[in-house]
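Source file upload.txt; content: compact mmCIF, C-alpha atoms.
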```txt
# COMPACT_ATOMS: atom_id res chain seq x y z
CA GLY A 1 51.69 49.53 -6.69
CA SER A 2 49.70 51.96 -4.59
CA ARG A 3 51.72 51.09 -1.48
CA SER A 4 55.02 52.04 -3.04
CA ALA A 5 53.40 55.26 -4.30
CA GLU A 6 52.31 55.99 -0.74
CA ARG A 7 55.85 55.39 0.46
CA ARG A 8 57.23 57.68 -2.20
CA GLU A 9 54.76 60.40 -1.29
CA LYS A 10 55.56 60.04 2.37
CA SER A 11 59.27 60.37 1.77
CA SER A 12 58.78 63.42 -0.44
CA GLU A 13 56.51 64.95 2.22
CA GLU A 14 59.16 64.34 4.85
CA LYS A 15 61.76 65.90 2.60
CA VAL A 16 59.58 68.92 2.18
CA GLU A 17 59.09 69.16 5.92
CA GLU A 18 62.83 68.89 6.54
CA LYS A 19 63.47 71.57 3.99
CA ALA A 20 60.81 73.68 5.64
CA ARG A 21 62.48 73.18 8.99
CA ASP A 22 65.83 74.11 7.55
CA ASN A 23 64.47 77.16 5.86
CA ASP A 24 62.13 78.00 8.70
CA GLY A 25 63.96 81.07 9.62
CA ASN A 26 64.13 82.66 6.25
CA SER A 27 61.17 81.00 4.42
CA SER A 28 58.61 83.42 3.30
CA GLU A 29 54.88 83.34 4.09
CA ASP A 30 54.22 82.49 0.47
CA GLU A 31 56.30 79.33 0.64
CA ARG A 32 54.50 78.29 3.77
CA ARG A 33 51.16 78.76 2.06
CA GLN A 34 52.29 76.69 -0.90
CA GLU A 35 53.48 74.01 1.49
CA ARG A 36 50.14 73.88 3.22
CA ALA A 37 48.35 73.66 -0.10
CA ARG A 38 50.64 70.83 -1.20
CA ARG A 39 50.03 68.98 2.03
CA LYS A 40 46.28 69.48 1.69
CA GLU A 41 46.42 68.12 -1.88
CA ALA A 42 48.46 65.09 -0.80
CA ALA A 43 46.05 64.34 2.04
CA LYS A 44 43.10 64.69 -0.35
CA ARG A 45 44.70 62.30 -2.82
CA LYS A 46 45.41 59.83 -0.03
CA ALA A 47 41.80 60.03 1.19
CA GLU A 48 40.53 59.52 -2.35
CA ARG A 49 42.76 56.51 -2.80
CA LEU A 50 41.58 55.04 0.49
CA GLU A 51 37.96 55.66 -0.45
CA LYS A 52 38.46 53.97 -3.83
CA LYS A 53 40.10 51.03 -2.11
CA GLU A 54 37.22 50.82 0.37
CA LYS A 55 34.68 50.91 -2.46
CA GLU A 56 36.53 48.12 -4.31
CA LYS A 57 36.56 46.12 -1.09
CA GLU A 58 32.82 46.65 -0.67
CA LYS A 59 32.15 45.66 -4.27
CA ALA A 60 34.20 42.50 -3.86
CA LEU A 61 32.34 41.73 -0.63
CA ALA A 62 28.98 42.30 -2.33
CA ARG A 63 30.08 40.01 -5.18
CA GLN A 64 31.13 37.39 -2.65
CA LYS A 65 27.81 37.72 -0.83
CA GLU A 66 25.87 37.37 -4.10
CA LYS A 67 27.90 34.30 -5.00
CA GLN A 68 27.19 32.80 -1.59
CA LYS A 69 23.50 33.64 -1.93
CA GLN A 70 23.32 31.93 -5.33
CA LYS A 71 25.16 28.93 -3.90
CA GLU A 72 22.67 28.72 -1.02
CA LEU A 73 19.74 29.07 -3.43
CA ALA A 74 21.10 26.29 -5.64
CA LYS A 75 21.62 24.13 -2.55
CA GLU A 76 18.06 24.78 -1.39
CA LYS A 77 16.71 24.02 -4.86
CA ALA A 78 18.65 20.74 -4.96
CA ARG A 79 17.40 19.85 -1.48
CA ARG A 80 13.81 20.60 -2.48
CA GLU A 81 14.21 18.55 -5.66
CA LYS A 82 15.63 15.65 -3.65
CA GLU A 83 12.74 15.90 -1.17
CA ARG A 84 10.24 16.00 -4.05
CA ARG A 85 11.80 12.91 -5.62
CA LYS A 86 11.76 11.17 -2.25
CA GLN A 87 8.07 11.99 -1.78
CA LYS A 88 7.29 10.82 -5.31
CA GLU A 89 9.12 7.55 -4.66
CA LYS A 90 7.27 7.18 -1.35
CA ALA A 91 3.92 7.73 -3.09
CA LYS A 92 4.86 5.22 -5.78
CA ALA A 93 5.85 2.65 -3.17
CA LYS A 94 2.58 3.27 -1.31
CA GLN A 95 0.64 2.79 -4.56
CA ARG A 96 2.53 -0.43 -5.24
CA GLU A 97 1.72 -1.68 -1.73
CA LYS A 98 -1.94 -0.77 -2.22
CA GLN A 99 -2.12 -2.65 -5.53
CA LYS A 100 -0.39 -5.66 -3.99
CA ALA A 101 -2.82 -5.69 -1.06
CA LEU A 102 -5.75 -5.36 -3.47
CA ALA A 103 -4.51 -8.25 -5.60
CA GLU A 104 -4.01 -10.39 -2.49
CA LYS A 105 -7.51 -9.52 -1.29
CA LYS A 106 -8.94 -10.50 -4.68
CA ILE A 107 -7.11 -13.83 -4.59
CA LYS A 108 -8.31 -14.51 -1.05
CA GLU A 109 -11.90 -13.64 -2.05
CA LYS A 110 -11.66 -16.01 -5.01
CA GLU A 111 -10.37 -18.77 -2.74
CA ARG A 112 -13.19 -18.10 -0.28
CA GLN A 113 -15.79 -18.27 -3.05
CA LYS A 114 -14.23 -21.50 -4.32
CA GLU A 115 -14.35 -22.99 -0.82
CA LYS A 116 -17.97 -21.86 -0.42
CA ALA A 117 -18.95 -23.46 -3.74
CA LYS A 118 -17.14 -26.68 -2.76
CA LYS A 119 -18.95 -26.84 0.57
CA LEU A 120 -22.27 -26.16 -1.13
CA LYS A 121 -21.61 -28.96 -3.62
CA GLU A 122 -20.72 -31.33 -0.80
CA LYS A 123 -23.92 -30.39 1.03
CA GLU A 124 -25.92 -31.06 -2.15
CA LYS A 125 -24.20 -34.45 -2.46
CA GLU A 126 -25.05 -35.26 1.15
CA LYS A 127 -28.67 -34.24 0.55
CA GLN A 128 -28.80 -36.43 -2.57
CA LYS A 129 -27.32 -39.35 -0.62
CA GLU A 130 -29.90 -38.85 2.13
CA LYS A 131 -32.67 -38.75 -0.49
CA GLU A 132 -31.41 -41.99 -2.03
CA LYS A 133 -31.24 -43.57 1.43
CA GLN A 134 -34.80 -42.53 2.19
CA LYS A 135 -35.95 -43.82 -1.19
CA GLU A 136 -34.23 -47.15 -0.56
CA LYS A 137 -35.79 -47.35 2.93
CA ALA A 138 -39.24 -46.62 1.51
CA ARG A 139 -38.75 -49.26 -1.21
CA LYS A 140 -37.68 -51.87 1.33
CA GLN A 141 -40.62 -50.95 3.54
CA LYS A 142 -42.98 -51.31 0.60
CA GLU A 143 -41.43 -54.67 -0.31
CA LYS A 144 -41.81 -55.81 3.30
CA GLU A 145 -45.42 -54.73 3.32
CA GLN A 146 -46.01 -56.38 -0.04
CA LEU A 147 -44.44 -59.61 1.22
CA LEU A 148 -46.50 -59.47 4.40
CA LYS A 149 -49.63 -58.88 2.38
CA SER A 150 -48.92 -61.75 0.02
CA LYS A 151 -48.04 -64.00 2.99
CA THR A 152 -51.28 -63.06 4.69
CA LYS A 153 -53.12 -63.62 1.42
CA ASN A 154 -51.53 -67.01 0.99
CA ARG A 155 -52.35 -67.94 4.55
CA GLN A 156 -55.90 -66.78 4.01
CA LYS A 157 -56.03 -68.76 0.80
CA GLU A 158 -54.66 -71.81 2.55
CA ALA A 159 -57.11 -71.39 5.39
CA ASP A 160 -59.97 -70.99 2.94
CA GLU A 161 -58.83 -74.06 1.07
CA GLU A 162 -58.60 -75.99 4.36
CA LYS A 163 -62.11 -74.90 5.23
CA GLN A 164 -63.33 -75.90 1.79
CA LYS A 165 -61.68 -79.30 2.11
CA GLU A 166 -63.22 -79.69 5.53
CA ALA A 167 -66.63 -78.73 4.15
CA ASP A 168 -66.19 -81.04 1.19
CA LYS A 169 -65.19 -83.88 3.50
CA LYS A 170 -68.18 -83.25 5.71
CA ALA A 171 -70.45 -83.14 2.66
CA GLU A 172 -68.93 -86.37 1.34
CA THR A 173 -69.38 -88.06 4.69
CA ALA A 174 -72.94 -86.84 4.90
CA ALA A 175 -73.63 -88.08 1.39
CA ALA A 176 -72.05 -91.44 2.16
CA ILE A 177 -74.14 -91.82 5.32
CA LEU A 178 -77.21 -90.80 3.42
CA ALA A 179 -76.45 -93.31 0.69
CA LYS A 180 -75.97 -96.06 3.27
CA VAL A 181 -79.22 -95.16 4.94
CA LEU A 182 -81.04 -95.12 1.65
CA LYS A 183 -79.47 -98.43 0.68
CA ARG A 184 -80.50 -100.01 3.95
CA ARG A 185 -84.03 -98.74 3.55
CA ALA A 186 -84.17 -100.03 0.11
CA GLU A 187 -83.12 -103.48 1.34
```

Would it be possible to restate this file's structure as structure tokens?
Amino acid sequence: GSRSAERREKSSEEKVEEKARDNDGNSSEDERRQERARRKEAAKRKAERLEKKEKEKEKALARQKEKQKQKELAKEKARREKERRKQKEKAKAKQREKQKALAEKKIKEKERQKEKAKKLKEKEKEKQKEKEKQKEKARKQKEKEQLLKSKTKNRQKEADEEKQKEADKKAETAAAILAKVLKRRAE
């Protein structure tokens, strides 16, 4: 709308100028003054219109800038939120890993303790076996000794008996000889 108004004003101004040119010769000073005043007024109005337009433009630009700023802020906020979520997820994952590692460690420790206990038990068994072996050895040794002793005793007994028999025989012989001698003497 304002453009067509400008055009209209321009054409009317031109008309006025033409008229002024036509009437130049016989136009009075008063008319010229009025003309100048009219021109001044028109220029003022034009300047005002331009200024208003400029101000509107600036306002629109400022609005645009504000909009952009808000958009950027929202973007930044979203980015920060995303980053925060990412970090949270990372921390959670780390925690999960930690727990898993801890659980695995516990299991391993349990296994180790089990193995240790098993080995200890086996050692005890071995010790017991060795003890039994030693006991058995000692028993056999004792038996052997006992047998040897009894054998020796028996031999001794037999030897003593032999000696006794020998002595008895000798005594018998001596008695028989003595009896014979006595008998002969008696005869």

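Interatomic distance, CA of Ala159 in chain A against CA of Arg139 in chain A: 29.5 Å.
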
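Computed from the coordinates, the CA of Arg63 in chain A to CA of Lys75 in chain A distance equals 18.2 Å.
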
For range 144-163 of chain A, what centre and edge lengths in Å (one decimal) does the axis-aligned box get once 8 Å is added on each side of all its listed atoms, as lines of an AutoDock Vina configuration file?
```
center_x = -52.0
center_y = -65.4
center_z = 2.7
size_x = 36.3
size_y = 37.3
size_z = 21.4
```
